[in-house]
$ cat start.cif   # mmCIF, N, CA and C atoms
data_coords
loop_
_atom_site.label_atom_id
_atom_site.label_comp_id
_atom_site.auth_asym_id
_atom_site.auth_seq_id
_atom_site.Cartn_x
_atom_site.Cartn_y
_atom_site.Cartn_z
N MET A 275 -8.19 4.57 -1.77
CA MET A 275 -8.14 5.84 -2.47
C MET A 275 -6.98 5.80 -3.46
N ARG A 276 -7.24 6.22 -4.67
CA ARG A 276 -6.23 6.20 -5.72
C ARG A 276 -5.47 7.52 -5.73
N HIS A 277 -4.16 7.41 -5.85
CA HIS A 277 -3.33 8.61 -5.94
C HIS A 277 -2.78 8.78 -7.34
N ASP A 278 -2.42 7.68 -7.98
CA ASP A 278 -1.86 7.75 -9.32
C ASP A 278 -2.57 6.70 -10.17
N LEU A 279 -3.50 7.13 -10.99
CA LEU A 279 -4.32 6.22 -11.77
C LEU A 279 -3.48 5.43 -12.78
N LEU A 280 -2.50 6.08 -13.40
CA LEU A 280 -1.67 5.39 -14.39
C LEU A 280 -0.89 4.25 -13.74
N SER A 281 -0.35 4.47 -12.55
CA SER A 281 0.37 3.40 -11.84
C SER A 281 -0.56 2.23 -11.54
N ASP A 282 -1.76 2.54 -11.08
CA ASP A 282 -2.72 1.49 -10.77
C ASP A 282 -3.06 0.65 -12.00
N VAL A 283 -3.27 1.31 -13.13
CA VAL A 283 -3.62 0.60 -14.37
C VAL A 283 -2.48 -0.30 -14.81
N LEU A 284 -1.25 0.20 -14.77
CA LEU A 284 -0.11 -0.61 -15.22
C LEU A 284 0.13 -1.79 -14.29
N TYR A 285 -0.06 -1.61 -12.98
CA TYR A 285 0.08 -2.72 -12.05
C TYR A 285 -0.99 -3.79 -12.29
N VAL A 286 -2.23 -3.35 -12.52
CA VAL A 286 -3.31 -4.30 -12.77
C VAL A 286 -3.03 -5.10 -14.04
N MET A 287 -2.57 -4.42 -15.10
CA MET A 287 -2.23 -5.12 -16.35
C MET A 287 -1.10 -6.12 -16.14
N ASN A 288 -0.09 -5.71 -15.41
CA ASN A 288 1.06 -6.58 -15.15
C ASN A 288 0.64 -7.81 -14.36
N ASN A 289 -0.15 -7.63 -13.32
CA ASN A 289 -0.59 -8.75 -12.49
C ASN A 289 -1.51 -9.69 -13.26
N ALA A 290 -2.38 -9.14 -14.10
CA ALA A 290 -3.28 -9.97 -14.90
C ALA A 290 -2.50 -10.81 -15.90
N GLU A 291 -1.45 -10.24 -16.49
CA GLU A 291 -0.60 -11.01 -17.42
C GLU A 291 0.08 -12.15 -16.68
N LYS A 292 0.55 -11.90 -15.46
CA LYS A 292 1.26 -12.93 -14.71
C LYS A 292 0.37 -14.14 -14.39
N ILE A 293 -0.92 -13.91 -14.13
CA ILE A 293 -1.79 -15.03 -13.78
C ILE A 293 -2.52 -15.59 -15.00
N GLY A 294 -2.26 -15.03 -16.19
CA GLY A 294 -2.78 -15.62 -17.40
C GLY A 294 -4.15 -15.16 -17.84
N ARG A 295 -4.60 -14.01 -17.40
CA ARG A 295 -5.90 -13.50 -17.84
C ARG A 295 -5.82 -13.01 -19.28
N HIS A 296 -6.96 -13.03 -19.95
CA HIS A 296 -7.02 -12.59 -21.34
C HIS A 296 -7.53 -11.17 -21.49
N PHE A 297 -8.16 -10.64 -20.46
CA PHE A 297 -8.60 -9.24 -20.48
C PHE A 297 -8.63 -8.72 -19.05
N VAL A 298 -8.68 -7.40 -18.94
CA VAL A 298 -8.74 -6.74 -17.64
C VAL A 298 -9.58 -5.47 -17.80
N ILE A 299 -10.28 -5.08 -16.74
CA ILE A 299 -11.08 -3.87 -16.74
C ILE A 299 -10.46 -2.89 -15.75
N VAL A 300 -10.13 -1.68 -16.25
CA VAL A 300 -9.44 -0.68 -15.45
C VAL A 300 -10.17 0.66 -15.55
N PRO A 301 -9.99 1.55 -14.56
CA PRO A 301 -10.61 2.88 -14.63
C PRO A 301 -10.07 3.69 -15.81
N ALA A 302 -10.89 4.59 -16.33
CA ALA A 302 -10.52 5.36 -17.51
C ALA A 302 -10.14 6.79 -17.17
N SER A 303 -9.24 7.33 -17.97
CA SER A 303 -8.91 8.76 -17.98
C SER A 303 -8.28 9.05 -19.33
N SER A 304 -8.14 10.32 -19.64
CA SER A 304 -7.56 10.66 -20.95
C SER A 304 -6.09 10.28 -21.02
N LEU A 305 -5.33 10.44 -19.93
CA LEU A 305 -3.92 10.04 -19.93
C LEU A 305 -3.78 8.54 -20.09
N VAL A 306 -4.61 7.78 -19.39
CA VAL A 306 -4.58 6.32 -19.51
C VAL A 306 -4.88 5.90 -20.94
N LYS A 307 -5.83 6.57 -21.58
CA LYS A 307 -6.17 6.26 -22.98
C LYS A 307 -4.98 6.49 -23.90
N GLU A 308 -4.29 7.61 -23.72
CA GLU A 308 -3.13 7.92 -24.57
C GLU A 308 -2.01 6.92 -24.35
N VAL A 309 -1.74 6.55 -23.10
CA VAL A 309 -0.68 5.58 -22.80
C VAL A 309 -1.04 4.21 -23.36
N LEU A 310 -2.30 3.79 -23.22
CA LEU A 310 -2.73 2.51 -23.77
C LEU A 310 -2.60 2.49 -25.29
N THR A 311 -2.86 3.60 -25.93
CA THR A 311 -2.71 3.68 -27.39
C THR A 311 -1.26 3.48 -27.80
N VAL A 312 -0.32 4.08 -27.07
CA VAL A 312 1.10 3.91 -27.36
C VAL A 312 1.52 2.46 -27.14
N ILE A 313 1.08 1.87 -26.04
CA ILE A 313 1.42 0.48 -25.74
C ILE A 313 0.81 -0.46 -26.77
N GLN A 314 -0.39 -0.15 -27.24
CA GLN A 314 -1.04 -0.97 -28.26
C GLN A 314 -0.29 -0.88 -29.59
N ARG A 315 0.13 0.31 -29.98
CA ARG A 315 0.90 0.47 -31.23
C ARG A 315 2.20 -0.33 -31.19
N ALA A 316 2.78 -0.46 -30.00
CA ALA A 316 4.02 -1.24 -29.86
C ALA A 316 3.76 -2.74 -29.83
N GLY A 317 2.49 -3.16 -29.72
CA GLY A 317 2.15 -4.57 -29.76
C GLY A 317 2.12 -5.29 -28.43
N TYR A 318 2.15 -4.57 -27.33
CA TYR A 318 2.15 -5.22 -26.02
C TYR A 318 0.75 -5.59 -25.53
N ILE A 319 -0.28 -4.91 -26.03
CA ILE A 319 -1.65 -5.25 -25.69
C ILE A 319 -2.47 -5.33 -26.97
N GLY A 320 -3.61 -5.96 -26.88
CA GLY A 320 -4.53 -6.00 -28.01
C GLY A 320 -5.39 -4.75 -28.02
N ASP A 321 -6.59 -4.89 -28.56
CA ASP A 321 -7.47 -3.72 -28.59
C ASP A 321 -8.06 -3.45 -27.21
N PHE A 322 -8.54 -2.22 -27.03
CA PHE A 322 -9.21 -1.86 -25.80
C PHE A 322 -10.42 -1.02 -26.16
N GLU A 323 -11.44 -1.10 -25.30
CA GLU A 323 -12.66 -0.35 -25.56
C GLU A 323 -13.11 0.36 -24.29
N PHE A 324 -13.81 1.47 -24.50
CA PHE A 324 -14.32 2.27 -23.39
C PHE A 324 -15.70 1.75 -23.00
N LEU A 325 -15.88 1.52 -21.71
CA LEU A 325 -17.17 1.09 -21.16
C LEU A 325 -17.72 2.24 -20.34
N ASP A 326 -18.85 2.81 -20.77
CA ASP A 326 -19.44 3.96 -20.08
C ASP A 326 -20.32 3.48 -18.93
N ASP A 327 -20.02 3.98 -17.73
CA ASP A 327 -20.82 3.63 -16.57
C ASP A 327 -21.56 4.84 -16.00
N GLY A 328 -21.60 5.92 -16.75
CA GLY A 328 -22.28 7.12 -16.28
C GLY A 328 -21.39 8.04 -15.47
N ARG A 329 -20.21 7.58 -15.10
CA ARG A 329 -19.24 8.41 -14.37
C ARG A 329 -18.01 8.57 -15.26
N SER A 330 -16.84 8.23 -14.76
CA SER A 330 -15.63 8.39 -15.57
C SER A 330 -15.44 7.25 -16.55
N GLY A 331 -16.05 6.10 -16.30
CA GLY A 331 -15.96 4.98 -17.22
C GLY A 331 -14.81 4.04 -16.92
N HIS A 332 -14.72 2.99 -17.74
CA HIS A 332 -13.67 1.98 -17.61
C HIS A 332 -13.18 1.60 -19.00
N PHE A 333 -11.99 1.02 -19.03
CA PHE A 333 -11.47 0.43 -20.26
C PHE A 333 -11.41 -1.08 -20.09
N ARG A 334 -11.83 -1.81 -21.11
CA ARG A 334 -11.66 -3.26 -21.15
C ARG A 334 -10.50 -3.51 -22.10
N ILE A 335 -9.39 -4.03 -21.56
CA ILE A 335 -8.15 -4.20 -22.32
C ILE A 335 -7.95 -5.68 -22.59
N ASN A 336 -7.77 -6.04 -23.85
CA ASN A 336 -7.44 -7.41 -24.22
C ASN A 336 -5.93 -7.60 -24.14
N LEU A 337 -5.50 -8.58 -23.37
CA LEU A 337 -4.09 -8.85 -23.18
C LEU A 337 -3.63 -9.94 -24.13
N VAL A 338 -2.43 -9.79 -24.67
CA VAL A 338 -1.91 -10.76 -25.64
C VAL A 338 -0.75 -11.58 -25.08
N GLY A 339 -0.38 -11.36 -23.84
CA GLY A 339 0.67 -12.16 -23.21
C GLY A 339 2.08 -11.69 -23.51
N ARG A 340 2.28 -10.44 -23.88
CA ARG A 340 3.61 -9.95 -24.21
C ARG A 340 4.24 -9.09 -23.13
N ILE A 341 3.51 -8.72 -22.10
CA ILE A 341 4.05 -7.83 -21.06
C ILE A 341 4.80 -8.64 -20.02
N ASN A 342 6.08 -8.34 -19.85
CA ASN A 342 6.86 -8.93 -18.77
C ASN A 342 6.83 -8.03 -17.53
N LYS A 343 6.88 -6.73 -17.76
CA LYS A 343 6.82 -5.77 -16.66
C LYS A 343 6.33 -4.44 -17.21
N SER A 344 5.44 -3.80 -16.48
CA SER A 344 4.95 -2.47 -16.85
C SER A 344 4.82 -1.65 -15.57
N ARG A 345 5.43 -0.49 -15.56
CA ARG A 345 5.42 0.35 -14.37
C ARG A 345 5.34 1.82 -14.77
N SER A 346 4.82 2.60 -13.86
CA SER A 346 4.81 4.05 -14.00
C SER A 346 6.13 4.58 -13.46
N ILE A 347 6.58 5.69 -14.01
CA ILE A 347 7.83 6.30 -13.55
C ILE A 347 7.47 7.55 -12.75
N ARG A 348 7.85 7.53 -11.48
CA ARG A 348 7.62 8.66 -10.60
C ARG A 348 8.93 9.00 -9.93
N PRO A 349 9.36 10.22 -9.83
CA PRO A 349 8.75 11.41 -10.38
C PRO A 349 8.87 11.43 -11.91
N ARG A 350 8.12 12.29 -12.52
CA ARG A 350 8.11 12.41 -13.98
C ARG A 350 9.35 13.17 -14.44
N PHE A 351 10.43 12.41 -14.69
CA PHE A 351 11.71 13.02 -15.06
C PHE A 351 11.61 13.70 -16.42
N ALA A 352 12.28 14.83 -16.56
CA ALA A 352 12.37 15.51 -17.84
C ALA A 352 13.49 14.87 -18.65
N VAL A 353 13.23 14.62 -19.94
CA VAL A 353 14.20 13.97 -20.81
C VAL A 353 14.42 14.85 -22.03
N ARG A 354 15.69 15.14 -22.32
CA ARG A 354 16.01 15.87 -23.54
C ARG A 354 16.09 14.90 -24.70
N LYS A 355 16.05 15.42 -25.91
CA LYS A 355 16.00 14.56 -27.09
C LYS A 355 17.28 13.74 -27.30
N ASP A 356 18.38 14.10 -26.66
CA ASP A 356 19.62 13.35 -26.81
C ASP A 356 19.93 12.47 -25.59
N GLU A 357 19.00 12.30 -24.66
CA GLU A 357 19.22 11.53 -23.43
C GLU A 357 18.47 10.20 -23.38
N PHE A 358 17.88 9.76 -24.46
CA PHE A 358 17.05 8.56 -24.41
C PHE A 358 17.84 7.31 -24.01
N GLU A 359 19.07 7.19 -24.47
CA GLU A 359 19.87 6.00 -24.12
C GLU A 359 20.13 5.90 -22.63
N LYS A 360 20.36 7.02 -21.98
CA LYS A 360 20.59 7.03 -20.53
C LYS A 360 19.38 6.46 -19.79
N TRP A 361 18.18 6.89 -20.17
CA TRP A 361 16.97 6.46 -19.49
C TRP A 361 16.58 5.04 -19.89
N GLU A 362 16.88 4.64 -21.12
CA GLU A 362 16.66 3.24 -21.51
C GLU A 362 17.52 2.32 -20.66
N GLY A 363 18.77 2.71 -20.42
CA GLY A 363 19.66 1.91 -19.58
C GLY A 363 19.18 1.81 -18.15
N ARG A 364 18.50 2.83 -17.68
CA ARG A 364 18.02 2.83 -16.30
C ARG A 364 16.77 1.98 -16.11
N TYR A 365 15.85 2.03 -17.07
CA TYR A 365 14.54 1.39 -16.87
C TYR A 365 14.31 0.13 -17.70
N LEU A 366 15.01 -0.05 -18.80
CA LEU A 366 14.77 -1.20 -19.64
C LEU A 366 15.89 -2.22 -19.48
N PRO A 367 15.61 -3.52 -19.62
CA PRO A 367 16.63 -4.54 -19.36
C PRO A 367 17.73 -4.62 -20.41
N ALA A 368 17.46 -4.22 -21.65
CA ALA A 368 18.48 -4.28 -22.70
C ALA A 368 18.14 -3.22 -23.76
N LYS A 369 19.15 -2.85 -24.52
CA LYS A 369 18.94 -1.86 -25.57
C LYS A 369 18.02 -2.43 -26.65
N GLY A 370 17.01 -1.67 -27.04
CA GLY A 370 16.08 -2.13 -28.06
C GLY A 370 15.03 -3.11 -27.57
N PHE A 371 14.95 -3.31 -26.27
CA PHE A 371 13.98 -4.24 -25.69
C PHE A 371 13.05 -3.45 -24.80
N GLY A 372 11.81 -3.27 -25.22
CA GLY A 372 10.84 -2.52 -24.45
C GLY A 372 10.72 -1.09 -24.92
N ILE A 373 9.79 -0.36 -24.30
CA ILE A 373 9.56 1.03 -24.66
C ILE A 373 9.46 1.90 -23.42
N LEU A 374 9.86 3.16 -23.58
CA LEU A 374 9.60 4.20 -22.61
C LEU A 374 8.45 5.02 -23.16
N VAL A 375 7.49 5.38 -22.33
CA VAL A 375 6.36 6.20 -22.76
C VAL A 375 6.60 7.61 -22.22
N LEU A 376 6.54 8.60 -23.13
CA LEU A 376 6.80 9.99 -22.78
C LEU A 376 5.62 10.87 -23.12
N SER A 377 5.47 11.93 -22.35
CA SER A 377 4.53 12.99 -22.67
C SER A 377 5.34 14.13 -23.26
N THR A 378 5.11 14.45 -24.51
CA THR A 378 5.87 15.48 -25.21
C THR A 378 4.93 16.61 -25.63
N PRO A 379 5.48 17.72 -26.10
CA PRO A 379 4.61 18.78 -26.63
C PRO A 379 3.81 18.33 -27.86
N LYS A 380 4.25 17.28 -28.52
CA LYS A 380 3.55 16.76 -29.69
C LYS A 380 2.63 15.60 -29.36
N GLY A 381 2.41 15.32 -28.07
CA GLY A 381 1.53 14.25 -27.63
C GLY A 381 2.28 13.15 -26.92
N VAL A 382 1.55 12.13 -26.48
CA VAL A 382 2.14 10.98 -25.80
C VAL A 382 2.69 10.03 -26.85
N MET A 383 3.95 9.61 -26.69
CA MET A 383 4.59 8.71 -27.66
C MET A 383 5.70 7.93 -26.96
N ASN A 384 6.26 6.93 -27.68
CA ASN A 384 7.38 6.19 -27.11
C ASN A 384 8.69 6.87 -27.49
N GLN A 385 9.80 6.37 -26.95
CA GLN A 385 11.08 7.04 -27.14
C GLN A 385 11.55 7.02 -28.59
N LYS A 386 11.18 5.99 -29.34
CA LYS A 386 11.58 5.92 -30.75
C LYS A 386 10.87 6.99 -31.58
N GLU A 387 9.58 7.16 -31.34
CA GLU A 387 8.82 8.19 -32.04
C GLU A 387 9.31 9.58 -31.64
N ALA A 388 9.63 9.78 -30.36
CA ALA A 388 10.13 11.07 -29.91
C ALA A 388 11.48 11.39 -30.55
N ALA A 389 12.33 10.38 -30.72
CA ALA A 389 13.62 10.61 -31.38
C ALA A 389 13.41 10.98 -32.85
N GLU A 390 12.43 10.35 -33.51
CA GLU A 390 12.14 10.69 -34.90
C GLU A 390 11.62 12.11 -35.03
N HIS A 391 10.82 12.57 -34.07
CA HIS A 391 10.29 13.93 -34.09
C HIS A 391 11.27 14.94 -33.49
N ALA A 392 12.42 14.46 -32.99
CA ALA A 392 13.45 15.31 -32.38
C ALA A 392 12.87 16.18 -31.26
N THR A 393 12.19 15.52 -30.32
CA THR A 393 11.60 16.23 -29.20
C THR A 393 11.84 15.47 -27.90
N GLY A 394 11.89 16.19 -26.81
CA GLY A 394 12.01 15.59 -25.49
C GLY A 394 10.66 15.63 -24.79
N GLY A 395 10.67 15.33 -23.51
CA GLY A 395 9.41 15.35 -22.78
C GLY A 395 9.58 14.87 -21.36
N ARG A 396 8.50 14.37 -20.80
CA ARG A 396 8.50 13.85 -19.44
C ARG A 396 8.22 12.36 -19.48
N LEU A 397 8.98 11.57 -18.72
CA LEU A 397 8.78 10.13 -18.67
C LEU A 397 7.50 9.81 -17.91
N LEU A 398 6.68 8.93 -18.48
CA LEU A 398 5.45 8.49 -17.84
C LEU A 398 5.53 7.06 -17.36
N ALA A 399 6.03 6.16 -18.24
CA ALA A 399 5.99 4.72 -17.92
C ALA A 399 7.01 3.98 -18.77
N PHE A 400 7.21 2.70 -18.42
CA PHE A 400 7.99 1.80 -19.27
C PHE A 400 7.29 0.47 -19.33
N VAL A 401 7.48 -0.22 -20.45
CA VAL A 401 6.87 -1.54 -20.67
C VAL A 401 7.89 -2.40 -21.40
N TYR A 402 8.05 -3.64 -20.94
CA TYR A 402 8.83 -4.62 -21.71
C TYR A 402 8.31 -5.99 -21.45
#
$ encode --input "start.cif" --output "structure tokens"
Amino acid sequence: MRHDLLSDVLYVMNNAEKIGRHFVIVPASSLVKEVLTVIQRAGYIGDFEFLDDGRSGHFRINLVGRINKSRSIRPRFAVRKDEFEKWEGRYLPAKGFGILVLSTPKGVMNQKEAAEHATGGRLLAFVY
């Protein structure tokens, strides 16, 4: 039984990268789609497509071999627009290496985009 779909998807992607797979098929949801779009814009994954199975569907994600670690952040900590460095230090191995994925009032984005829009939000995941 799945409790956190985003965590499951990120673990599956991470494990598939470790064993050298070129693609992975994961369950779909709207939050997973938004997070995958942010990760794709950052260049950590290739393209992904929705596979309709008559129920919730699946995503087929092409992996490019750039993910060292990807995890969901639980609990979903609230981050103000001036606190990004604190959370980068906690979850990322070095400054400017990797991304934090946030859910903001302006949509799902990484910490750099959120700083440009001068908005805070809730932490969802990190990838490096």
$ resolve_selection --input "start.cif" --expression "the PyMOL selection byres ((chain A and resi 337) around 6)" --output "ChimeraX atom specification"
/A:295-298,319-320,335-336,338-340
$ residues_near_point --input "start.cif" --point "(10.3, 17.7, -22.3)" --cutoff "6 Å" --atoms "all atoms listed in the file" --output "list in words"
Ala352, Val353, Arg354, Thr378, Gly394, Gly395 and Arg396 of chain A
$ closest_residue --input "start.cif" --among "A:Leu398, A:Leu325, A:Val375, A:Ile341" --to "Ala302 in chain A" --atoms "all atoms listed in the file"
A:Leu325
$ atom_distance --input "start.cif" --atom1 "atom N of Lys380 in chain A" --atom2 "atom C of Phe358 in chain A"
17.4 Å
$ closest_residue --input "start.cif" --among "A:Glu357, A:Phe324, A:Gly294, A:Ser346" --to "Ala388 in chain A" --atoms "only C-alpha atoms"
A:Glu357
$ closest_residue --input "start.cif" --among "A:Tyr402, A:Pro379, A:Ala290, A:Glu390" --to "Gly317 in chain A" --atoms "only C-alpha atoms"
A:Tyr402
$ closest_residue --input "start.cif" --among "A:Asp327, A:Ile347, A:Ser377, A:Leu366" --to "Asp278 in chain A" --atoms "only C-alpha atoms"
A:Ile347
$ select_by_dssp --input "start.cif" --residues "range 290-402 of chain A" --states "strand (DSSP E or B)" --output "MDAnalysis selection string"
chainID A and resid 297:301 319:325 332:337 344:346 352:353 368 371 373:378 381:384 395:401
$ decode --input "start.cif" --residues "range 332-343 of chain A" --atoms "all heavy atoms" --output "mmCIF file, in the first residue's frame"
data_model
loop_
_atom_site.group_PDB
_atom_site.id
_atom_site.type_symbol
_atom_site.label_atom_id
_atom_site.label_comp_id
_atom_site.auth_asym_id
_atom_site.auth_seq_id
_atom_site.Cartn_x
_atom_site.Cartn_y
_atom_site.Cartn_z
ATOM 1 N N HIS A 332 0.255 5.939 -15.784
ATOM 2 C CA HIS A 332 1.666 5.834 -15.424
ATOM 3 C C HIS A 332 2.465 6.846 -16.237
ATOM 4 O O HIS A 332 2.004 7.310 -17.272
ATOM 5 C CB HIS A 332 2.193 4.427 -15.728
ATOM 6 C CG HIS A 332 1.660 3.371 -14.822
ATOM 7 N ND1 HIS A 332 0.338 3.015 -14.789
ATOM 8 C CD2 HIS A 332 2.279 2.600 -13.908
ATOM 9 C CE1 HIS A 332 0.162 2.062 -13.890
ATOM 10 N NE2 HIS A 332 1.323 1.779 -13.349
ATOM 11 N N PHE A 333 3.654 7.148 -15.743
ATOM 12 C CA PHE A 333 4.606 7.950 -16.500
ATOM 13 C C PHE A 333 5.781 7.070 -16.893
ATOM 14 O O PHE A 333 6.278 6.287 -16.077
ATOM 15 C CB PHE A 333 5.149 9.134 -15.680
ATOM 16 C CG PHE A 333 4.162 10.237 -15.476
ATOM 17 C CD1 PHE A 333 3.768 10.598 -14.200
ATOM 18 C CD2 PHE A 333 3.628 10.927 -16.544
ATOM 19 C CE1 PHE A 333 2.865 11.618 -13.995
ATOM 20 C CE2 PHE A 333 2.717 11.948 -16.358
ATOM 21 C CZ PHE A 333 2.340 12.289 -15.078
ATOM 22 N N ARG A 334 6.224 7.198 -18.136
ATOM 23 C CA ARG A 334 7.452 6.548 -18.591
ATOM 24 C C ARG A 334 8.501 7.644 -18.638
ATOM 25 O O ARG A 334 8.396 8.581 -19.429
ATOM 26 C CB ARG A 334 7.289 5.930 -19.971
ATOM 27 C CG ARG A 334 8.524 5.187 -20.441
ATOM 28 C CD ARG A 334 8.328 4.661 -21.863
ATOM 29 N NE ARG A 334 9.406 3.777 -22.249
ATOM 30 C CZ ARG A 334 10.558 4.196 -22.767
ATOM 31 N NH1 ARG A 334 10.778 5.487 -22.942
ATOM 32 N NH2 ARG A 334 11.489 3.328 -23.101
ATOM 33 N N ILE A 335 9.515 7.549 -17.770
ATOM 34 C CA ILE A 335 10.526 8.590 -17.608
ATOM 35 C C ILE A 335 11.826 8.106 -18.216
ATOM 36 O O ILE A 335 12.321 7.027 -17.860
ATOM 37 C CB ILE A 335 10.748 8.913 -16.114
ATOM 38 C CG1 ILE A 335 9.424 9.275 -15.446
ATOM 39 C CG2 ILE A 335 11.760 10.024 -15.956
ATOM 40 C CD1 ILE A 335 9.502 9.317 -13.942
ATOM 41 N N ASN A 336 12.395 8.889 -19.114
ATOM 42 C CA ASN A 336 13.710 8.589 -19.678
ATOM 43 C C ASN A 336 14.780 9.178 -18.770
ATOM 44 O O ASN A 336 14.767 10.379 -18.488
ATOM 45 C CB ASN A 336 13.839 9.157 -21.094
ATOM 46 C CG ASN A 336 12.933 8.446 -22.063
ATOM 47 O OD1 ASN A 336 12.748 7.240 -21.972
ATOM 48 N ND2 ASN A 336 12.363 9.190 -22.983
ATOM 49 N N LEU A 337 15.694 8.335 -18.323
ATOM 50 C CA LEU A 337 16.755 8.756 -17.420
ATOM 51 C C LEU A 337 18.012 9.077 -18.213
ATOM 52 O O LEU A 337 18.328 8.392 -19.180
ATOM 53 C CB LEU A 337 17.036 7.642 -16.403
ATOM 54 C CG LEU A 337 15.828 7.211 -15.564
ATOM 55 C CD1 LEU A 337 16.182 6.001 -14.727
ATOM 56 C CD2 LEU A 337 15.349 8.346 -14.688
ATOM 57 N N VAL A 338 18.718 10.122 -17.798
ATOM 58 C CA VAL A 338 19.924 10.542 -18.519
ATOM 59 C C VAL A 338 21.199 10.299 -17.711
ATOM 60 O O VAL A 338 22.286 10.629 -18.166
ATOM 61 C CB VAL A 338 19.838 12.027 -18.935
ATOM 62 C CG1 VAL A 338 18.735 12.228 -19.939
ATOM 63 C CG2 VAL A 338 19.658 12.932 -17.744
ATOM 64 N N GLY A 339 21.085 9.729 -16.528
ATOM 65 C CA GLY A 339 22.267 9.387 -15.741
ATOM 66 C C GLY A 339 22.824 10.527 -14.917
ATOM 67 O O GLY A 339 23.993 10.503 -14.534
ATOM 68 N N ARG A 340 22.032 11.540 -14.597
ATOM 69 C CA ARG A 340 22.522 12.680 -13.841
ATOM 70 C C ARG A 340 22.101 12.683 -12.382
ATOM 71 O O ARG A 340 22.582 13.507 -11.603
ATOM 72 C CB ARG A 340 22.038 13.986 -14.492
ATOM 73 C CG ARG A 340 22.721 14.249 -15.815
ATOM 74 C CD ARG A 340 22.800 15.706 -16.159
ATOM 75 N NE ARG A 340 23.286 16.537 -15.078
ATOM 76 C CZ ARG A 340 22.819 17.748 -14.824
ATOM 77 N NH1 ARG A 340 21.871 18.260 -15.548
ATOM 78 N NH2 ARG A 340 23.313 18.460 -13.831
ATOM 79 N N ILE A 341 21.218 11.802 -11.971
ATOM 80 C CA ILE A 341 20.721 11.810 -10.587
ATOM 81 C C ILE A 341 21.667 11.020 -9.692
ATOM 82 O O ILE A 341 21.920 9.847 -9.920
ATOM 83 C CB ILE A 341 19.302 11.219 -10.500
ATOM 84 C CG1 ILE A 341 18.321 12.083 -11.279
ATOM 85 C CG2 ILE A 341 18.864 11.097 -9.046
ATOM 86 C CD1 ILE A 341 16.921 11.526 -11.324
ATOM 87 N N ASN A 342 22.210 11.689 -8.676
ATOM 88 C CA ASN A 342 22.993 11.012 -7.654
ATOM 89 C C ASN A 342 22.108 10.597 -6.482
ATOM 90 O O ASN A 342 22.288 9.542 -5.905
ATOM 91 C CB ASN A 342 24.117 11.908 -7.141
ATOM 92 C CG ASN A 342 25.155 12.184 -8.195
ATOM 93 O OD1 ASN A 342 25.521 11.308 -8.959
ATOM 94 N ND2 ASN A 342 25.621 13.417 -8.257
ATOM 95 N N LYS A 343 21.168 11.471 -6.132
ATOM 96 C CA LYS A 343 20.236 11.170 -5.050
ATOM 97 C C LYS A 343 18.981 12.010 -5.257
ATOM 98 O O LYS A 343 19.066 13.183 -5.600
ATOM 99 C CB LYS A 343 20.858 11.500 -3.696
ATOM 100 C CG LYS A 343 20.062 11.023 -2.518
ATOM 101 C CD LYS A 343 20.843 11.201 -1.237
ATOM 102 C CE LYS A 343 20.100 10.581 -0.071
ATOM 103 N NZ LYS A 343 20.848 10.730 1.177
#
